[in-house]
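A.B. asks: Sharing input_5.cif, mmCIF, C-alpha atoms:
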```cif
data_start
loop_
_atom_site.label_atom_id
_atom_site.label_comp_id
_atom_site.auth_asym_id
_atom_site.auth_seq_id
_atom_site.Cartn_x
_atom_site.Cartn_y
_atom_site.Cartn_z
CA MET A 3 8.49 20.86 -11.39
CA THR A 4 6.57 24.08 -10.76
CA ARG A 5 7.10 26.54 -7.96
CA THR A 6 3.40 26.25 -7.17
CA SER A 7 3.62 22.50 -6.50
CA THR A 8 6.65 23.04 -4.29
CA GLN A 9 4.90 25.80 -2.31
CA THR A 10 1.75 23.71 -1.92
CA THR A 11 3.73 20.67 -0.76
CA ALA A 12 5.72 22.75 1.72
CA GLN A 13 2.54 24.36 3.08
CA ILE A 14 0.78 21.02 3.54
CA LEU A 15 3.75 19.56 5.40
CA ARG A 16 4.21 22.73 7.47
CA GLU A 17 0.59 22.67 8.62
CA ARG A 18 0.75 18.96 9.47
CA ILE A 19 3.87 19.48 11.56
CA LEU A 20 2.65 22.61 13.35
CA GLU A 21 -0.72 21.03 14.13
CA GLY A 22 0.95 17.88 15.46
CA ASN A 23 -0.22 15.49 12.79
CA ILE A 24 3.40 14.45 12.20
CA LEU A 25 5.23 13.69 15.44
CA PRO A 26 8.52 15.35 16.40
CA GLY A 27 11.36 13.00 15.54
CA THR A 28 9.42 11.29 12.74
CA THR A 29 11.53 10.34 9.73
CA LEU A 30 9.98 11.76 6.57
CA ARG A 31 10.15 8.97 4.00
CA GLN A 32 10.12 10.62 0.62
CA ASP A 33 8.68 7.72 -1.38
CA SER A 34 5.57 7.36 0.76
CA LEU A 35 5.14 11.14 1.16
CA ALA A 36 5.37 11.73 -2.57
CA GLN A 37 2.74 9.07 -3.19
CA GLU A 38 0.44 10.38 -0.46
CA LEU A 39 0.69 13.99 -1.64
CA GLY A 40 0.50 13.14 -5.31
CA VAL A 41 3.74 14.89 -6.26
CA SER A 42 7.04 13.78 -7.73
CA ARG A 43 10.23 13.45 -5.69
CA THR A 44 11.68 16.69 -7.07
CA PRO A 45 9.17 19.20 -5.65
CA LEU A 46 9.02 17.16 -2.44
CA ARG A 47 12.80 17.40 -1.97
CA THR A 48 12.65 21.15 -2.63
CA ALA A 49 9.82 21.54 -0.13
CA LEU A 50 11.72 19.57 2.53
CA ALA A 51 14.80 21.71 1.98
CA GLU A 52 12.61 24.79 2.50
CA LEU A 53 11.25 23.39 5.76
CA ALA A 54 14.81 22.63 6.87
CA ARG A 55 15.78 26.27 6.26
CA ASP A 56 12.77 27.29 8.35
CA GLY A 57 13.93 25.03 11.19
CA LEU A 58 10.96 22.67 11.13
CA VAL A 59 12.88 19.61 9.94
CA THR A 60 16.48 18.44 10.18
CA TYR A 61 18.62 16.64 7.66
CA GLU A 62 21.31 14.02 8.26
CA ALA A 63 23.34 12.29 5.58
CA ASN A 64 22.28 8.68 5.04
CA ARG A 65 19.21 9.23 7.23
CA GLY A 66 17.33 11.93 5.38
CA TYR A 67 14.85 14.41 6.81
CA ALA A 68 13.12 14.19 10.18
CA VAL A 69 10.72 16.47 12.06
CA ARG A 70 12.59 18.59 14.55
CA ALA A 71 11.75 18.05 18.23
CA PHE A 72 10.84 21.07 20.37
CA ASP A 73 10.42 21.47 24.11
CA ILE A 74 8.77 23.94 26.48
CA ALA A 75 11.84 26.20 26.50
CA ASP A 76 11.66 26.44 22.70
CA ILE A 77 7.98 27.43 22.86
CA LYS A 78 8.63 30.08 25.53
CA SER A 79 11.52 31.50 23.54
CA ALA A 80 9.37 31.69 20.42
CA TYR A 81 6.63 33.57 22.29
CA ASP A 82 9.22 35.97 23.75
CA VAL A 83 10.46 36.78 20.25
CA ARG A 84 6.93 37.13 18.89
CA ALA A 85 5.96 39.48 21.71
CA MET A 86 8.89 41.80 21.07
CA LEU A 87 8.47 41.79 17.29
CA GLU A 88 4.69 42.19 17.23
CA GLY A 89 4.95 44.89 19.87
CA LEU A 90 7.44 46.70 17.65
CA ALA A 91 5.06 46.25 14.72
CA CYS A 92 2.34 48.04 16.73
CA ARG A 93 4.66 50.93 17.60
CA LEU A 94 5.61 51.41 13.96
CA ALA A 95 2.07 50.84 12.72
CA ALA A 96 0.81 53.73 14.87
CA LYS A 97 2.87 56.03 12.61
CA HIS A 98 2.09 54.44 9.26
CA ILE A 99 -1.27 52.69 9.44
CA SER A 100 -3.75 53.66 6.74
CA ARG A 101 -7.46 54.36 7.08
CA GLU A 102 -8.16 51.16 5.15
CA GLN A 103 -6.03 49.12 7.55
CA ILE A 104 -7.78 50.64 10.56
CA GLU A 105 -11.09 49.66 8.93
CA THR A 106 -9.79 46.12 8.41
CA LEU A 107 -8.86 45.87 12.09
CA ALA A 108 -12.24 47.26 13.10
CA ASP A 109 -13.96 44.69 10.90
CA CYS A 110 -11.89 41.95 12.55
CA VAL A 111 -12.87 43.12 16.02
CA GLN A 112 -16.55 43.33 15.08
CA ASN A 113 -16.39 39.88 13.50
CA GLY A 114 -14.83 38.50 16.67
CA ASP A 115 -17.55 40.14 18.77
CA GLU A 116 -20.23 38.47 16.67
CA ILE A 117 -18.56 35.06 16.83
CA LEU A 118 -18.24 35.27 20.63
CA SER A 119 -21.64 36.88 21.26
CA SER A 120 -23.20 33.60 22.38
CA GLY A 121 -20.74 33.29 25.28
CA VAL A 122 -19.00 30.27 23.79
CA LEU A 123 -16.69 29.64 20.84
CA ALA A 124 -18.63 26.86 19.13
CA PRO A 125 -16.61 24.30 17.13
CA GLU A 126 -18.14 25.46 13.85
CA LYS A 127 -17.02 29.02 14.63
CA LEU A 128 -13.41 28.02 15.27
CA ALA A 129 -12.19 28.41 11.69
CA PRO A 130 -13.76 31.87 11.21
CA TYR A 131 -12.31 33.02 14.54
CA ARG A 132 -8.87 31.76 13.56
CA ARG A 133 -9.07 33.61 10.25
CA MET A 134 -10.10 36.80 12.03
CA ASN A 135 -7.25 36.45 14.51
CA VAL A 136 -4.64 35.86 11.82
CA GLU A 137 -5.91 38.78 9.73
CA PHE A 138 -5.77 41.10 12.74
CA HIS A 139 -2.14 40.30 13.48
CA GLU A 140 -1.02 40.23 9.86
CA THR A 141 -2.68 43.60 9.15
CA ILE A 142 -0.71 45.22 11.97
CA ILE A 143 2.54 43.66 10.78
CA ALA A 144 1.86 44.93 7.24
CA ALA A 145 1.04 48.39 8.61
CA SER A 146 4.44 48.55 10.32
CA GLN A 147 5.99 48.86 6.84
CA ASN A 148 8.98 46.83 8.05
CA PRO A 149 9.20 43.60 6.04
CA TRP A 150 11.77 42.08 8.40
CA ILE A 151 9.21 41.90 11.20
CA GLY A 152 6.94 39.67 9.14
CA ASP A 153 9.84 37.46 8.11
CA PHE A 154 11.03 36.88 11.67
CA VAL A 155 7.52 36.47 13.11
CA THR A 156 6.95 33.76 10.51
CA ARG A 157 10.10 32.03 11.74
CA ALA A 158 8.77 32.15 15.32
CA HIS A 159 5.50 30.61 14.12
CA ASN A 160 7.49 27.60 12.96
CA VAL A 161 7.80 26.36 16.54
CA PRO A 162 4.82 24.06 17.22
CA LEU A 163 2.13 25.63 19.45
CA SER A 164 3.61 29.14 19.10
CA SER A 165 1.60 30.18 16.05
CA ASP A 166 -1.14 32.82 16.06
CA ARG A 167 -3.35 30.11 14.54
CA ILE A 168 -3.31 28.12 17.78
CA PHE A 169 -5.50 28.70 20.84
CA PHE A 170 -7.47 27.00 23.62
CA TRP A 171 -10.88 27.38 22.07
CA GLU A 172 -12.92 25.61 24.76
CA ASP A 173 -11.85 28.01 27.53
CA PHE A 174 -14.11 30.98 26.81
CA ASP A 175 -12.62 33.19 29.53
CA ILE A 176 -9.21 32.96 27.84
CA ILE A 177 -10.67 33.65 24.41
CA HIS A 178 -12.72 36.57 25.75
CA ARG A 179 -9.73 38.16 27.44
CA SER A 180 -7.68 37.73 24.28
CA HIS A 181 -10.32 39.36 22.11
CA ASN A 182 -10.65 42.24 24.56
CA ASP A 183 -6.95 42.80 23.91
CA HIS A 184 -7.80 43.21 20.23
CA HIS A 185 -10.22 46.01 21.18
CA ARG A 186 -7.59 47.84 23.25
CA ILE A 187 -4.87 47.45 20.62
CA LEU A 188 -7.19 48.84 17.95
CA ALA A 189 -8.11 51.80 20.17
CA ALA A 190 -4.44 52.62 20.77
CA LEU A 191 -3.65 52.46 17.06
CA ARG A 192 -6.62 54.68 16.24
CA ALA A 193 -5.30 57.21 18.75
CA GLY A 194 -1.82 57.03 17.28
CA ASP A 195 -0.46 55.88 20.65
CA GLY A 196 2.34 53.60 19.49
CA ARG A 197 3.83 52.99 22.93
CA ARG A 198 0.52 51.87 24.42
CA ALA A 199 -0.21 49.66 21.40
CA GLU A 200 3.25 48.11 21.73
CA LEU A 201 2.79 47.30 25.42
CA LEU A 202 -0.69 45.90 24.86
CA MET A 203 0.51 43.61 22.07
CA TRP A 204 3.53 42.49 24.10
CA GLU A 205 1.24 41.52 27.00
CA HIS A 206 -1.24 39.92 24.58
CA VAL A 207 1.36 37.54 23.12
CA ILE A 208 3.18 36.87 26.39
CA ASN A 209 -0.12 35.94 28.05
CA ALA A 210 -0.85 33.50 25.22
CA GLY A 211 2.48 31.80 25.84
CA ASP A 212 2.01 31.75 29.63
CA VAL A 213 -1.43 30.18 29.28
CA LEU A 214 -0.17 27.51 26.92
CA ILE A 215 2.81 26.60 29.07
CA GLU A 216 0.63 26.47 32.18
CA LYS A 217 -1.72 24.08 30.39
CA VAL A 218 0.80 21.74 28.79
CA ALA A 219 3.94 21.77 30.96
CA PRO A 220 2.59 19.45 33.72
CA ARG A 221 1.63 16.87 31.10
CA LEU A 222 5.06 17.00 29.47
CA GLU A 223 7.16 16.62 32.62
CA PRO A 224 6.91 12.78 32.67
CA LEU A 225 7.97 12.82 29.01
CA GLY A 226 11.12 14.84 29.59
CA GLY A 227 9.48 18.09 28.52
CA ARG A 228 9.24 17.08 24.87
CA ILE A 229 6.12 17.71 22.83
CA PRO A 230 4.38 14.36 22.17
CA PHE A 231 1.17 15.63 20.56
CA ALA A 232 -0.23 14.12 17.40
CA GLY A 233 -3.52 14.21 15.55
CA ASN A 234 -6.13 15.58 17.93
CA CYS A 235 -3.53 16.27 20.65
CA ASP A 236 -5.35 14.17 23.24
CA GLU A 237 -2.09 13.35 25.04
CA ILE A 238 -1.82 16.90 26.36
CA SER A 239 -5.55 17.66 26.44
CA LEU A 240 -5.44 20.26 23.70
CA ASN A 241 -8.10 20.68 21.07
CA PRO A 242 -7.07 20.25 17.43
CA LYS A 243 -5.92 23.87 17.26
CA GLY A 244 -4.17 24.32 20.59
CA THR A 245 -3.71 27.77 22.35
CA GLN A 246 -5.09 31.27 22.19
CA GLU A 247 -3.52 34.36 20.70
#
```
Starting from the file, give its structure as structure tokens.

C.D. replies:
Amino acid sequence: MTRTSTQTTAQILRERILEGNILPGTTLRQDSLAQELGVSRTPLRTALAELARDGLVTYEANRGYAVRAFDIADIKSAYDVRAMLEGLACRLAAKHISREQIETLADCVQNGDEILSSGVLAPEKLAPYRRMNVEFHETIIAASQNPWIGDFVTRAHNVPLSSDRIFFWEDFDIIHRSHNDHHRILAALRAGDGRRAELLMWEHVINAGDVLIEKVAPRLEPLGGRIPFAGNCDEISLNPKGTQE
């Protein structure tokens, strides 16, 4: 077994779970998974144990691993944590951010402007926009120079639909407002105004959670509030990548 194969297996399973391609409550049968992923049982077991530590799957003796079920309250709690932590990252980043990191953020904002310049986020532009969005947030977290923030934000991302890789890409008004937040956060960091950057980021993440819950909660009420999405998420009228950041 190599660490690389374990990491790759864990990442594949993590993405499938977070994007809803494996339903909450699904039992993860190791024989079929190992065959499908082209790995042996050993790295697969190690990967599943890693996902269990991250809270994405649960383990029961004699039953094995299963995908953890989450509800609306879990999603809201994850966004609350993300908002506080990423706000703190902005406050710290205002003191420590380098010129190169400011340039990276500026490049992200310009890239986002170009992607959205047509007045719509076209499907073929979704992946580049997601990459820009992730790089923007991860650059600020790195600039905070506090490694614990990144660790705990990653844990919050492990709740389905709460990741910064998820957004409602067909609603341009939501995307446009979100990207305008990126402009304001960058301006505050350039000015060294940590408190303003913190408040802007807090509102940015909280709004993302509010929008998502507003969109999906009515569809989940008949299902007891549990997240039923799978594959293309048609059951709750989300696109394959969910909510905005």

A.B. asks: Written as a ChimeraX atom specification, what is the full residue list that the PyMOL selection byres ((chain A and resi 198) around 10) yields on the file shown?

C.D. replies: /A:89,92-93,96,186-187,189-191,193-197,199-204

A.B. asks: Please, could you write that set of residues out with C-alpha atoms as a PDB file, in the frame of the given file?

C.D. replies:
```pdb
ATOM      1  CA  GLY A  89       4.950  44.890  19.870  1.00  0.00           C
ATOM      2  CA  CYS A  92       2.340  48.040  16.730  1.00  0.00           C
ATOM      3  CA  ARG A  93       4.660  50.930  17.600  1.00  0.00           C
ATOM      4  CA  ALA A  96       0.810  53.730  14.870  1.00  0.00           C
ATOM      5  CA  ARG A 186      -7.590  47.840  23.250  1.00  0.00           C
ATOM      6  CA  ILE A 187      -4.870  47.450  20.620  1.00  0.00           C
ATOM      7  CA  ALA A 189      -8.110  51.800  20.170  1.00  0.00           C
ATOM      8  CA  ALA A 190      -4.440  52.620  20.770  1.00  0.00           C
ATOM      9  CA  LEU A 191      -3.650  52.460  17.060  1.00  0.00           C
ATOM     10  CA  ALA A 193      -5.300  57.210  18.750  1.00  0.00           C
ATOM     11  CA  GLY A 194      -1.820  57.030  17.280  1.00  0.00           C
ATOM     12  CA  ASP A 195      -0.460  55.880  20.650  1.00  0.00           C
ATOM     13  CA  GLY A 196       2.340  53.600  19.490  1.00  0.00           C
ATOM     14  CA  ARG A 197       3.830  52.990  22.930  1.00  0.00           C
ATOM     15  CA  ALA A 199      -0.210  49.660  21.400  1.00  0.00           C
ATOM     16  CA  GLU A 200       3.250  48.110  21.730  1.00  0.00           C
ATOM     17  CA  LEU A 201       2.790  47.300  25.420  1.00  0.00           C
ATOM     18  CA  LEU A 202      -0.690  45.900  24.860  1.00  0.00           C
ATOM     19  CA  MET A 203       0.510  43.610  22.070  1.00  0.00           C
ATOM     20  CA  TRP A 204       3.530  42.490  24.100  1.00  0.00           C
TER      21      TRP A 204
END
```

A.B. asks: Closest to Glu137 of chain A among A:Ala158, A:Leu118, A:Ala108, A:Leu94, using only C-alpha atoms?

C.D. replies: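 Under the stated criterion, the closest residue is A:Ala108.
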
A.B. asks: Go through A:Ile104, A:Ala12, A:Leu58, A:Val122 one by one, measure the shortest atom-to-atom distance of each to Arg192 of chain A using all atoms listed in the file, and give the residue with the smallest value.

C.D. replies: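 Looking only at the distances to Arg192 of chain A, the closest residue turns out to be A:Ile104.
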
A.B. asks: Give me the residues near Leu50 of chain A as a short mmCIF file (atom, residue, chain, number, x, y, z; two decimals) with C-alpha atoms, in the frame of the given file, where near means some atom within 10 Å (using all atoms listed in the file) and where sequence neighbours in that chain fewer than 5 positions away do not count.

C.D. replies:
```cif
data_model
loop_
_atom_site.label_atom_id
_atom_site.label_comp_id
_atom_site.auth_asym_id
_atom_site.auth_seq_id
_atom_site.Cartn_x
_atom_site.Cartn_y
_atom_site.Cartn_z
CA THR A 8 6.65 23.04 -4.29
CA THR A 11 3.73 20.67 -0.76
CA ALA A 12 5.72 22.75 1.72
CA LEU A 15 3.75 19.56 5.40
CA ARG A 16 4.21 22.73 7.47
CA LEU A 30 9.98 11.76 6.57
CA GLN A 32 10.12 10.62 0.62
CA PRO A 45 9.17 19.20 -5.65
CA ARG A 55 15.78 26.27 6.26
CA ASP A 56 12.77 27.29 8.35
CA LEU A 58 10.96 22.67 11.13
CA VAL A 59 12.88 19.61 9.94
CA THR A 60 16.48 18.44 10.18
CA TYR A 61 18.62 16.64 7.66
CA GLY A 66 17.33 11.93 5.38
CA TYR A 67 14.85 14.41 6.81
CA ALA A 68 13.12 14.19 10.18
#
```

A.B. asks: Using all atoms listed in the file, which of the listed residues (A:Leu35, A:Gln13, A:Arg43, A:Glu88) sits closest to Phe154 of chain A?

C.D. replies: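 Ranked by minimum distance to Phe154 of chain A, first place goes to A:Glu88.
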
A.B. asks: I need the residue nearest Ile19 of chain A from this list: A:Gly114, A:His159, A:Glu205, A:Leu128. Use all atoms listed in the file for the distance.

C.D. replies: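 Answer, going by the shortest atom-to-atom distance: A:His159.
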
A.B. asks: Translate the PyMOL selection byres ((chain A and resi 100) around 12), as applied to the file shown, into an explicit residue set as an MDAnalysis selection string.

C.D. replies: chainID A and resid 95:99 101:107 141:142 144:147 191:192 194
